[in-house]
Amino acid sequence: MAAQTYIAISELHPNFSHPKVAGIIIGKTDVKSFPDRKNIGVDRFTFSFTIKDSPDFFINVSAWGNDCYVNGLSNSFSTGDCVVVENPLVSNKDPEKGDKFCPTTPSLYRLLVSEAHSQVCLCADMGTIDRLLPLIHLPVKDSGDFYSLGDIVANGQKLDGTVINILAALRSIGEPKEFTTSDRRKGQRLEVKLFDDSVSSFPLVCWDREAIQLVQTLIPKETGRLTAAAPSQPHNESLLLFIADAKISFDSFRNGMTATVNSKTIITVNPDTREASLLFSYAKEVSESGALDQDEKPEDVPVDSITDVYTVSQLKQKAQENPEALFGITYSFISRLDLDSSVSKVIKTRCCRCKFQVPEDTQSCTNLLCPGRDQAFSSITGFDLLVDFTDHTGTLHTCSLRSPMAEQTLGCTTEEFTSLTDDERTAMKWKFLLERCKVHVKILPSTTTRTGIRGAVLACSVADPGEVKQHMSALLQRP
């Protein structure tokens, strides 16, 4: 019943008395202040946000007032919240003034709210919220109207100063940098790295605090991992952005192109579109292959030289604290080992140069970013498993166990494995799930995994009970 009392954005008109609009916030600007012309020495404050109530309609809302009212209102909601705007002034847009700096909307009007006449509050009606939430994943521009990162790079300085749409996957999020300008105003800057199937790294710069906060919500502080999967997509490390109206500039310092978020920009996280679905599949495969981490990947050290023993929680903590590769031993149970999956999920063929998964009988690498695309193709087929290790302190998820280490661990070749019966594969799996193992691991920080770290098994064998007792006692005595 409550939803019927709201006026649709598409039906708004200046003649309406006491309109009441419900929508999901798809964009929001920083609070700004201006000298009040009528009251010398007094500042007026303002900020804008954009709400959407249907797939095709959204409108800009501007709040004006004193410092306390405007900042209080701005702090009461964020992008992605569902709000109710009561009794705003419905005004014609003025493309030469304030609307020039706001997102372009299909509505002929804008809404103005003030402390004396209007109210903005979080929506409490679950039916309305359920209706509005999916809209956050619908881009505000035609889903096919975007530049690939390759197009931007190819056009180069021809695009300098233009405003375009971008569809790309999120590769990494940098640390926010605080600074003070020459006139003592405080500012901030955050850089994001994007990628798609044409370019492996492209910079997107955020200057506004609201844009930075939106980006930072994609990485919870406690894990440093990417989140915010769309409802139609599994919770995965790949995360896509449709960036409407990003400003493109030539950066002379980098000698390359860069994109910037401005007050007109609307960022849609994990857009629910056909184009995004295609890119999502590519981004997921690249992330899982570890191809994006190849640049920082150090060479493995000899297994015999690894002597430090850790619990799982110690490995996680040290990996989060240390940007370098961490090598160590853990005495843990393998808690996930999907040997009884289909053979195609256990044994895979990958390009030798970029580690991208390819069909077994292919003659070329399908990764458009492969550094060896112009050279003779070579691939390798072997065990390719993701395993979890668990001890009394926790679980280390999705560590890669690949050939030739996998053959040594399992005690069989890929050819022997394919000839095993289902029962024999299950028996092999439980041989490890029931026994504590001595696992030599390499842990790397990673921007593309769910946990923020990537583990690789360098050696694994069923542990000697006396050795386990000796090392576990020593671990328990550590401060």
# chains A, B, ... in the order shown; residues from 1 in each chain; ligands from 1
>>> residues_around(residues="range 95-100 of chain A", least_positions_apart="5", cutoff="9 Å", atoms="only C-alpha atoms", output="list of chain:residue names")
A:Asn60, A:Arg110, A:Lys264
>>> write_last_selection(atoms="N, CA and C atoms", output="PDB file, in the first residue's frame")
ATOM      1  N   ASN A  60      17.977  14.361 -10.566  1.00  0.00           N
ATOM      2  CA  ASN A  60      18.922  14.957  -9.622  1.00  0.00           C
ATOM      3  C   ASN A  60      18.176  15.694  -8.509  1.00  0.00           C
ATOM      4  N   ARG A 110      14.417  18.999 -11.916  1.00  0.00           N
ATOM      5  CA  ARG A 110      15.280  18.627 -10.803  1.00  0.00           C
ATOM      6  C   ARG A 110      14.513  18.912  -9.521  1.00  0.00           C
ATOM      7  N   LYS A 264      29.606  14.734 -12.774  1.00  0.00           N
ATOM      8  CA  LYS A 264      28.600  14.216 -13.712  1.00  0.00           C
ATOM      9  C   LYS A 264      28.632  12.693 -13.806  1.00  0.00           C
TER      10      LYS A 264
END
>>> select_by_dssp(residues="range 56-295 of chain A", states="strand (DSSP E)", output="count of residues only")
79
>>> atom_distance(atom1="CA of Ala211 in chain A", atom2="CA of Tyr282 in chain A")
26.2 Å
>>> residues_around(residues="Leu315 in chain A", least_positions_apart="5", cutoff="9 Å", atoms="only C-alpha atoms", output="NGL selection string")
:A and (310 or 320 or 326 or 328 or 330 or 396 or 443)
>>> closest_residue(among="A:Pro14, A:Pro55, A:Pro359, A:Gly27", to="Thr265 in chain A", atoms="only C-alpha atoms")
A:Gly27
>>> closest_atom_pairs(of="range 317-374 of chain A", to="range 403-409 of chain A", cutoff="12 Å", atoms="only C-alpha atoms", output="Markdown table")
| residue | atom | partner | partner_atom | distance |
| --- | --- | --- | --- | --- |
| A:Ile334 | CA | A:Thr409 | CA | 11.6 |
| A:Leu337 | CA | A:Ala406 | CA | 11.4 |
| A:Leu339 | CA | A:Ala406 | CA | 11.3 |
| A:Val346 | CA | A:Ala406 | CA | 10.4 |
| A:Ile347 | CA | A:Ser403 | CA | 9.3 |
| A:Lys348 | CA | A:Ser403 | CA | 10.1 |
| A:Thr349 | CA | A:Ser403 | CA | 11.0 |
| A:Arg350 | CA | A:Ser403 | CA | 11.4 |
>>> residues_around(residues="Ala244 in chain A", least_positions_apart="4", cutoff="9 Å", atoms="only C-alpha atoms", output="VMD selection string")
chain A and resid 103 139 to 141 146 163 to 167 264 to 268
>>> write_last_selection(atoms="all heavy atoms", output="CSV table (one decimal), in the first residue's frame")
chain,number,residue,atom,x,y,z
A,103,PRO,N,24.8,14.9,-13.2
A,103,PRO,CA,24.6,13.8,-14.2
A,103,PRO,C,23.5,14.2,-15.1
A,103,PRO,O,22.5,14.8,-14.7
A,103,PRO,CB,24.3,12.6,-13.3
A,103,PRO,CG,24.9,12.9,-12.0
A,103,PRO,CD,24.8,14.4,-11.8
A,139,PRO,N,22.9,0.4,-15.8
A,139,PRO,CA,23.6,1.6,-16.2
A,139,PRO,C,22.7,2.7,-16.6
A,139,PRO,O,21.6,2.5,-17.1
A,139,PRO,CB,24.5,1.2,-17.3
A,139,PRO,CG,24.6,-0.3,-17.2
A,139,PRO,CD,23.3,-0.7,-16.6
A,140,VAL,N,23.1,4.0,-16.4
A,140,VAL,CA,22.3,5.1,-16.8
A,140,VAL,C,22.4,5.5,-18.3
A,140,VAL,O,21.7,6.3,-18.7
A,140,VAL,CB,22.6,6.4,-15.9
A,140,VAL,CG1,22.3,6.1,-14.5
A,140,VAL,CG2,24.0,6.8,-16.1
A,141,LYS,N,23.3,4.8,-18.9
A,141,LYS,CA,23.5,5.0,-20.4
A,141,LYS,C,23.2,3.7,-21.1
A,141,LYS,O,23.2,2.6,-20.5
A,141,LYS,CB,24.9,5.5,-20.7
A,141,LYS,CG,25.3,6.8,-20.1
A,141,LYS,CD,24.4,8.0,-20.7
A,141,LYS,CE,24.8,9.3,-20.2
A,141,LYS,NZ,26.1,9.8,-20.8
A,146,PHE,N,29.7,2.5,-25.0
A,146,PHE,CA,30.9,2.6,-24.2
A,146,PHE,C,32.2,2.4,-25.0
A,146,PHE,O,32.1,1.8,-26.1
A,146,PHE,CB,30.9,1.7,-23.0
A,146,PHE,CG,31.0,0.2,-23.3
A,146,PHE,CD1,32.2,-0.4,-23.5
A,146,PHE,CD2,29.8,-0.5,-23.5
A,146,PHE,CE1,32.3,-1.7,-23.9
A,146,PHE,CE2,29.9,-1.9,-23.9
A,146,PHE,CZ,31.1,-2.5,-24.1
A,163,VAL,N,34.2,13.5,-22.6
A,163,VAL,CA,33.5,12.8,-21.6
A,163,VAL,C,32.9,11.5,-22.3
A,163,VAL,O,32.1,11.7,-23.2
A,163,VAL,CB,32.4,13.6,-20.9
A,163,VAL,CG1,31.6,12.8,-19.9
A,163,VAL,CG2,33.1,14.8,-20.2
A,164,ILE,N,33.2,10.3,-21.8
A,164,ILE,CA,32.7,9.1,-22.5
A,164,ILE,C,32.3,8.1,-21.4
A,164,ILE,O,32.5,8.3,-20.2
A,164,ILE,CB,33.8,8.5,-23.3
A,164,ILE,CG1,35.0,8.1,-22.5
A,164,ILE,CG2,34.3,9.4,-24.4
A,164,ILE,CD1,36.1,7.2,-23.2
A,165,ASN,N,31.7,7.0,-21.9
A,165,ASN,CA,31.4,5.9,-21.0
A,165,ASN,C,32.4,4.8,-21.1
A,165,ASN,O,32.9,4.5,-22.2
A,165,ASN,CB,30.0,5.3,-21.3
A,165,ASN,CG,28.9,6.4,-21.4
A,165,ASN,OD1,29.0,7.4,-20.6
A,165,ASN,ND2,28.0,6.3,-22.4
A,166,ILE,N,32.7,4.1,-20.0
A,166,ILE,CA,33.6,3.0,-20.0
A,166,ILE,C,33.0,1.8,-19.3
A,166,ILE,O,32.4,1.9,-18.3
A,166,ILE,CB,34.9,3.4,-19.2
A,166,ILE,CG1,35.6,4.6,-19.8
A,166,ILE,CG2,35.9,2.3,-19.1
A,166,ILE,CD1,36.7,5.2,-19.0
A,167,LEU,N,33.2,0.6,-19.9
A,167,LEU,CA,32.9,-0.7,-19.2
A,167,LEU,C,34.2,-1.4,-19.0
A,167,LEU,O,34.9,-1.7,-20.0
A,167,LEU,CB,32.0,-1.5,-20.1
A,167,LEU,CG,31.7,-2.9,-19.5
A,167,LEU,CD1,30.9,-2.9,-18.2
A,167,LEU,CD2,30.9,-3.7,-20.6
A,264,LYS,N,29.6,14.7,-12.8
A,264,LYS,CA,28.6,14.2,-13.7
A,264,LYS,C,28.6,12.7,-13.8
A,264,LYS,O,27.7,12.1,-14.4
A,264,LYS,CB,28.8,14.8,-15.1
A,264,LYS,CG,28.6,16.3,-15.2
A,264,LYS,CD,28.8,16.8,-16.6
A,264,LYS,CE,27.8,16.3,-17.6
A,264,LYS,NZ,26.4,16.8,-17.4
A,265,THR,N,29.7,12.1,-13.2
A,265,THR,CA,29.9,10.7,-13.4
A,265,THR,C,29.0,9.8,-12.5
A,265,THR,O,28.8,10.1,-11.4
A,265,THR,CB,31.4,10.3,-13.1
A,265,THR,OG1,32.2,11.1,-13.8
A,265,THR,CG2,31.7,8.9,-13.4
A,266,ILE,N,28.4,8.8,-13.1
A,266,ILE,CA,27.7,7.8,-12.4
A,266,ILE,C,28.4,6.4,-12.6
A,266,ILE,O,28.5,5.9,-13.7
A,266,ILE,CB,26.2,7.6,-12.8
A,266,ILE,CG1,25.4,8.9,-12.6
A,266,ILE,CG2,25.5,6.5,-12.1
A,266,ILE,CD1,25.0,9.2,-11.2
A,267,ILE,N,28.8,5.8,-11.4
A,267,ILE,CA,29.4,4.5,-11.5
A,267,ILE,C,28.4,3.4,-11.2
A,267,ILE,O,27.8,3.4,-10.1
A,267,ILE,CB,30.6,4.4,-10.6
A,267,ILE,CG1,31.7,5.5,-10.9
A,267,ILE,CG2,31.3,3.0,-10.6
A,267,ILE,CD1,32.9,5.5,-10.0
A,268,THR,N,28.2,2.4,-12.1
A,268,THR,CA,27.4,1.3,-11.8
A,268,THR,C,28.2,0.1,-11.5
A,268,THR,O,29.0,-0.3,-12.4
A,268,THR,CB,26.4,1.0,-13.0
A,268,THR,OG1,25.7,2.2,-13.3
A,268,THR,CG2,25.5,-0.1,-12.7
>>> select_by_dssp(residues="range 176-413 of chain A", states="helix (DSSP H, G or I)", output="PyMOL selection string")
chain A and resi 209-216+274-289+291-296+303-305+312-321+343-346+405-410
>>> write_last_selection(atoms="C-alpha atoms", output="PDB file, in the first residue's frame")
ATOM      1  CA  ARG A 209      35.394  12.112  -1.277  1.00  0.00           C
ATOM      2  CA  GLU A 210      32.033  10.534  -2.208  1.00  0.00           C
ATOM      3  CA  ALA A 211      33.546   8.727  -5.208  1.00  0.00           C
ATOM      4  CA  ILE A 212      36.461   7.534  -3.087  1.00  0.00           C
ATOM      5  CA  GLN A 213      34.095   6.217  -0.398  1.00  0.00           C
ATOM      6  CA  LEU A 214      32.049   4.380  -3.031  1.00  0.00           C
ATOM      7  CA  VAL A 215      35.164   2.686  -4.399  1.00  0.00           C
ATOM      8  CA  GLN A 216      36.440   1.844  -0.924  1.00  0.00           C
ATOM      9  CA  ARG A 274      24.764  -8.648 -21.831  1.00  0.00           C
ATOM     10  CA  GLU A 275      28.006  -6.788 -22.560  1.00  0.00           C
ATOM     11  CA  ALA A 276      29.010  -6.920 -18.903  1.00  0.00           C
ATOM     12  CA  SER A 277      28.233 -10.632 -18.738  1.00  0.00           C
ATOM     13  CA  LEU A 278      30.679 -11.315 -21.594  1.00  0.00           C
ATOM     14  CA  LEU A 279      33.414  -9.247 -19.944  1.00  0.00           C
ATOM     15  CA  PHE A 280      32.657 -10.856 -16.577  1.00  0.00           C
ATOM     16  CA  SER A 281      33.418 -14.302 -18.002  1.00  0.00           C
ATOM     17  CA  TYR A 282      36.738 -13.062 -19.364  1.00  0.00           C
ATOM     18  CA  ALA A 283      37.670 -11.213 -16.146  1.00  0.00           C
ATOM     19  CA  LYS A 284      36.804 -14.264 -14.033  1.00  0.00           C
ATOM     20  CA  GLU A 285      39.042 -16.498 -16.122  1.00  0.00           C
ATOM     21  CA  VAL A 286      41.954 -14.033 -16.087  1.00  0.00           C
ATOM     22  CA  SER A 287      41.635 -13.583 -12.314  1.00  0.00           C
ATOM     23  CA  GLU A 288      41.524 -17.301 -11.610  1.00  0.00           C
ATOM     24  CA  SER A 289      44.453 -18.018 -13.940  1.00  0.00           C
ATOM     25  CA  ALA A 291      47.624 -13.893 -15.248  1.00  0.00           C
ATOM     26  CA  LEU A 292      47.157 -10.452 -13.672  1.00  0.00           C
ATOM     27  CA  ASP A 293      49.630 -11.355 -10.949  1.00  0.00           C
ATOM     28  CA  GLN A 294      52.348 -12.494 -13.352  1.00  0.00           C
ATOM     29  CA  ASP A 295      54.038  -9.075 -13.336  1.00  0.00           C
ATOM     30  CA  GLU A 296      54.769  -9.240  -9.612  1.00  0.00           C
ATOM     31  CA  VAL A 303      61.611 -26.319  -1.274  1.00  0.00           C
ATOM     32  CA  ASP A 304      64.506 -27.570   0.895  1.00  0.00           C
ATOM     33  CA  SER A 305      65.382 -23.978   1.824  1.00  0.00           C
ATOM     34  CA  VAL A 312      47.191 -20.881   9.028  1.00  0.00           C
ATOM     35  CA  SER A 313      46.292 -17.701  10.916  1.00  0.00           C
ATOM     36  CA  GLN A 314      49.973 -16.729  11.136  1.00  0.00           C
ATOM     37  CA  LEU A 315      50.359 -17.214   7.370  1.00  0.00           C
ATOM     38  CA  LYS A 316      47.348 -14.985   6.715  1.00  0.00           C
ATOM     39  CA  GLN A 317      48.529 -12.290   9.110  1.00  0.00           C
ATOM     40  CA  LYS A 318      52.096 -12.196   7.777  1.00  0.00           C
ATOM     41  CA  ALA A 319      50.864 -12.157   4.174  1.00  0.00           C
ATOM     42  CA  GLN A 320      48.620  -9.163   4.896  1.00  0.00           C
ATOM     43  CA  GLU A 321      51.494  -7.307   6.578  1.00  0.00           C
ATOM     44  CA  VAL A 343      38.170 -34.626 -15.213  1.00  0.00           C
ATOM     45  CA  SER A 344      37.959 -31.298 -17.091  1.00  0.00           C
ATOM     46  CA  LYS A 345      37.897 -29.482 -13.730  1.00  0.00           C
ATOM     47  CA  VAL A 346      40.896 -31.403 -12.388  1.00  0.00           C
ATOM     48  CA  MET A 405      53.728 -30.670  -7.619  1.00  0.00           C
ATOM     49  CA  ALA A 406      50.282 -32.248  -7.932  1.00  0.00           C
ATOM     50  CA  GLU A 407      51.690 -35.454  -9.439  1.00  0.00           C
ATOM     51  CA  GLN A 408      54.167 -35.728  -6.548  1.00  0.00           C
ATOM     52  CA  THR A 409      51.431 -35.074  -3.990  1.00  0.00           C
ATOM     53  CA  LEU A 410      48.852 -37.450  -5.467  1.00  0.00           C
TER      54      LEU A 410
END
>>> residues_around(residues="Phe58 in chain A", least_positions_apart="4", cutoff="10 Å", atoms="only C-alpha atoms", output="number ranges by chain")
A: 8-10, 23-26, 50-54, 103-107, 110, 140
>>> residues_around(residues="Phe45 in chain A", least_positions_apart="6", cutoff="12 Å", atoms="only C-alpha atoms", output="JSON, numbers by chain")
{"A": [30, 31, 32, 33, 34, 35, 36, 62, 63, 64, 65, 66, 67, 68, 69, 70, 71, 72, 73, 74, 114, 115]}
>>> write_last_selection(atoms="N, CA and C atoms", output="compact mmCIF listing (two decimals), in the first residue's frame")
# COMPACT_ATOMS: atom_id res chain seq x y z
N ASP A 30 30.11 15.63 -3.31
CA ASP A 30 30.62 16.17 -2.04
C ASP A 30 29.85 17.43 -1.67
N VAL A 31 29.84 17.74 -0.38
CA VAL A 31 29.26 19.01 0.10
C VAL A 31 30.21 20.15 -0.27
N LYS A 32 29.62 21.23 -0.80
CA LYS A 32 30.41 22.42 -1.12
C LYS A 32 29.77 23.64 -0.47
N SER A 33 30.58 24.68 -0.26
CA SER A 33 30.06 25.90 0.35
C SER A 33 30.33 27.10 -0.55
N PHE A 34 29.42 28.09 -0.45
CA PHE A 34 29.53 29.32 -1.23
C PHE A 34 29.19 30.50 -0.33
N PRO A 35 29.83 31.66 -0.56
CA PRO A 35 29.45 32.85 0.21
C PRO A 35 28.00 33.23 -0.09
N ASP A 36 27.24 33.51 0.96
CA ASP A 36 25.84 33.92 0.82
C ASP A 36 25.81 35.40 0.42
N SER A 62 18.98 18.41 -5.28
CA SER A 62 19.96 19.30 -4.66
C SER A 62 19.45 19.76 -3.30
N ALA A 63 20.33 19.73 -2.32
CA ALA A 63 19.99 20.21 -0.97
C ALA A 63 20.76 21.49 -0.71
N TRP A 64 20.07 22.50 -0.16
CA TRP A 64 20.69 23.77 0.17
C TRP A 64 20.37 24.12 1.61
N GLY A 65 21.30 24.80 2.28
CA GLY A 65 21.04 25.23 3.65
C GLY A 65 22.30 25.57 4.40
N ASN A 66 22.21 25.56 5.72
CA ASN A 66 23.38 25.87 6.52
C ASN A 66 24.27 24.65 6.69
N ASP A 67 25.43 24.87 7.28
CA ASP A 67 26.44 23.83 7.45
C ASP A 67 25.86 22.60 8.16
N CYS A 68 25.19 22.81 9.28
CA CYS A 68 24.68 21.70 10.09
C CYS A 68 23.66 20.86 9.32
N TYR A 69 22.71 21.52 8.66
CA TYR A 69 21.66 20.80 7.95
C TYR A 69 22.22 20.00 6.77
N VAL A 70 23.00 20.66 5.94
CA VAL A 70 23.47 20.02 4.70
C VAL A 70 24.45 18.88 5.00
N ASN A 71 25.41 19.11 5.88
CA ASN A 71 26.35 18.04 6.21
C ASN A 71 25.67 16.89 6.95
N GLY A 72 24.71 17.24 7.82
CA GLY A 72 23.95 16.20 8.52
C GLY A 72 23.16 15.34 7.56
N LEU A 73 22.52 15.99 6.58
CA LEU A 73 21.74 15.25 5.59
C LEU A 73 22.65 14.38 4.73
N SER A 74 23.78 14.94 4.30
CA SER A 74 24.70 14.18 3.45
C SER A 74 25.22 12.93 4.17
N SER A 114 15.07 21.60 1.15
CA SER A 114 15.57 22.53 2.15
C SER A 114 15.06 22.10 3.52
N GLU A 115 15.73 22.58 4.55
CA GLU A 115 15.39 22.17 5.91
C GLU A 115 13.97 22.61 6.29
>>> residues_around(residues="Leu149 in chain A", least_positions_apart="2", cutoff="8 Å", atoms="only C-alpha atoms", output="VMD selection string")
chain A and resid 147 151 to 153 166 168 195 to 196 198 to 199 202
>>> write_last_selection(atoms="C-alpha atoms", output="compact mmCIF listing (two decimals), in the first residue's frame")
# COMPACT_ATOMS: atom_id res chain seq x y z
CA TYR A 147 34.56 2.69 -25.16
CA ASP A 151 39.67 2.12 -28.01
CA ILE A 152 40.74 4.84 -25.56
CA VAL A 153 44.42 3.95 -25.90
CA ILE A 166 33.64 2.99 -19.99
CA ALA A 168 35.85 -2.38 -17.53
CA PHE A 195 41.38 -3.85 -17.22
CA ASP A 196 39.40 -5.49 -20.01
CA SER A 198 42.18 -5.29 -24.70
CA VAL A 199 44.25 -3.54 -22.01
CA PHE A 202 44.34 1.56 -17.15
>>> closest_residue(among="A:Pro271, A:Gly394, A:Gly161, A:Gly41", to="Leu138 in chain A", atoms="only C-alpha atoms")
A:Pro271
>>> atom_distance(atom1="CA of Leu369 in chain A", atom2="CA of Asp142 in chain A")
26.8 Å
>>> decode(residues="range 131-152 of chain A", atoms="N, CA, C and O atoms", output="mmCIF file, in the first residue's frame")
data_model
loop_
_atom_site.group_PDB
_atom_site.id
_atom_site.type_symbol
_atom_site.label_atom_id
_atom_site.label_comp_id
_atom_site.auth_asym_id
_atom_site.auth_seq_id
_atom_site.Cartn_x
_atom_site.Cartn_y
_atom_site.Cartn_z
ATOM 1 N N ARG A 131 11.782 -3.569 -4.692
ATOM 2 C CA ARG A 131 11.557 -3.121 -6.074
ATOM 3 C C ARG A 131 12.707 -2.247 -6.572
ATOM 4 O O ARG A 131 13.097 -2.316 -7.745
ATOM 5 N N LEU A 132 13.274 -1.440 -5.683
ATOM 6 C CA LEU A 132 14.290 -0.469 -6.087
ATOM 7 C C LEU A 132 15.701 -1.056 -6.168
ATOM 8 O O LEU A 132 16.501 -0.640 -7.014
ATOM 9 N N LEU A 133 16.022 -2.007 -5.300
ATOM 10 C CA LEU A 133 17.411 -2.484 -5.208
ATOM 11 C C LEU A 133 18.014 -2.972 -6.528
ATOM 12 O O LEU A 133 19.167 -2.662 -6.831
ATOM 13 N N PRO A 134 17.279 -3.728 -7.360
ATOM 14 C CA PRO A 134 17.894 -4.190 -8.615
ATOM 15 C C PRO A 134 18.299 -3.054 -9.551
ATOM 16 O O PRO A 134 19.142 -3.242 -10.438
ATOM 17 N N LEU A 135 17.698 -1.868 -9.378
ATOM 18 C CA LEU A 135 17.990 -0.754 -10.283
ATOM 19 C C LEU A 135 19.427 -0.258 -10.156
ATOM 20 O O LEU A 135 19.942 0.393 -11.065
ATOM 21 N N ILE A 136 20.076 -0.569 -9.023
ATOM 22 C CA ILE A 136 21.443 -0.094 -8.811
ATOM 23 C C ILE A 136 22.402 -0.733 -9.806
ATOM 24 O O ILE A 136 23.501 -0.221 -10.051
ATOM 25 N N HIS A 137 22.016 -1.862 -10.407
ATOM 26 C CA HIS A 137 22.882 -2.561 -11.358
ATOM 27 C C HIS A 137 22.533 -2.262 -12.815
ATOM 28 O O HIS A 137 23.045 -2.937 -13.712
ATOM 29 N N LEU A 138 21.666 -1.273 -13.055
ATOM 30 C CA LEU A 138 21.319 -0.885 -14.434
ATOM 31 C C LEU A 138 22.030 0.407 -14.778
ATOM 32 O O LEU A 138 21.795 1.445 -14.151
ATOM 33 N N PRO A 139 22.930 0.414 -15.782
ATOM 34 C CA PRO A 139 23.646 1.637 -16.153
ATOM 35 C C PRO A 139 22.672 2.745 -16.578
ATOM 36 O O PRO A 139 21.573 2.473 -17.064
ATOM 37 N N VAL A 140 23.107 3.990 -16.403
ATOM 38 C CA VAL A 140 22.253 5.127 -16.770
ATOM 39 C C VAL A 140 22.380 5.468 -18.250
ATOM 40 O O VAL A 140 21.671 6.339 -18.746
ATOM 41 N N LYS A 141 23.303 4.809 -18.937
ATOM 42 C CA LYS A 141 23.458 4.998 -20.381
ATOM 43 C C LYS A 141 23.183 3.677 -21.092
ATOM 44 O O LYS A 141 23.175 2.607 -20.473
ATOM 45 N N ASP A 142 22.964 3.753 -22.400
ATOM 46 C CA ASP A 142 22.774 2.560 -23.219
ATOM 47 C C ASP A 142 23.914 1.585 -22.932
ATOM 48 O O ASP A 142 25.093 1.945 -22.982
ATOM 49 N N SER A 143 23.567 0.338 -22.638
ATOM 50 C CA SER A 143 24.581 -0.629 -22.210
ATOM 51 C C SER A 143 25.637 -0.901 -23.278
ATOM 52 O O SER A 143 26.728 -1.386 -22.965
ATOM 53 N N GLY A 144 25.325 -0.590 -24.537
ATOM 54 C CA GLY A 144 26.309 -0.790 -25.606
ATOM 55 C C GLY A 144 27.079 0.462 -25.958
ATOM 56 O O GLY A 144 27.986 0.440 -26.799
ATOM 57 N N ASP A 145 26.767 1.571 -25.285
ATOM 58 C CA ASP A 145 27.395 2.866 -25.582
ATOM 59 C C ASP A 145 28.586 3.087 -24.649
ATOM 60 O O ASP A 145 28.487 3.766 -23.637
ATOM 61 N N PHE A 146 29.710 2.466 -24.985
ATOM 62 C CA PHE A 146 30.910 2.649 -24.166
ATOM 63 C C PHE A 146 32.161 2.414 -25.021
ATOM 64 O O PHE A 146 32.094 1.803 -26.083
ATOM 65 N N TYR A 147 33.254 2.940 -24.548
ATOM 66 C CA TYR A 147 34.557 2.692 -25.156
ATOM 67 C C TYR A 147 35.237 1.548 -24.416
ATOM 68 O O TYR A 147 35.194 1.487 -23.190
ATOM 69 N N SER A 148 35.888 0.672 -25.162
ATOM 70 C CA SER A 148 36.773 -0.282 -24.506
ATOM 71 C C SER A 148 38.058 0.466 -24.153
ATOM 72 O O SER A 148 38.347 1.538 -24.713
ATOM 73 N N LEU A 149 38.825 -0.080 -23.232
ATOM 74 C CA LEU A 149 40.088 0.564 -22.869
ATOM 75 C C LEU A 149 41.044 0.593 -24.061
ATOM 76 O O LEU A 149 41.810 1.543 -24.229
ATOM 77 N N GLY A 150 40.949 -0.425 -24.905
ATOM 78 C CA GLY A 150 41.770 -0.443 -26.114
ATOM 79 C C GLY A 150 41.416 0.695 -27.057
ATOM 80 O O GLY A 150 42.296 1.302 -27.692
ATOM 81 N N ASP A 151 40.105 0.997 -27.172
ATOM 82 C CA ASP A 151 39.672 2.124 -28.007
ATOM 83 C C ASP A 151 40.247 3.436 -27.484
ATOM 84 O O ASP A 151 40.662 4.304 -28.256
ATOM 85 N N ILE A 152 40.236 3.600 -26.162
ATOM 86 C CA ILE A 152 40.744 4.843 -25.563
ATOM 87 C C ILE A 152 42.231 4.997 -25.853
ATOM 88 O O ILE A 152 42.703 6.063 -26.266
#
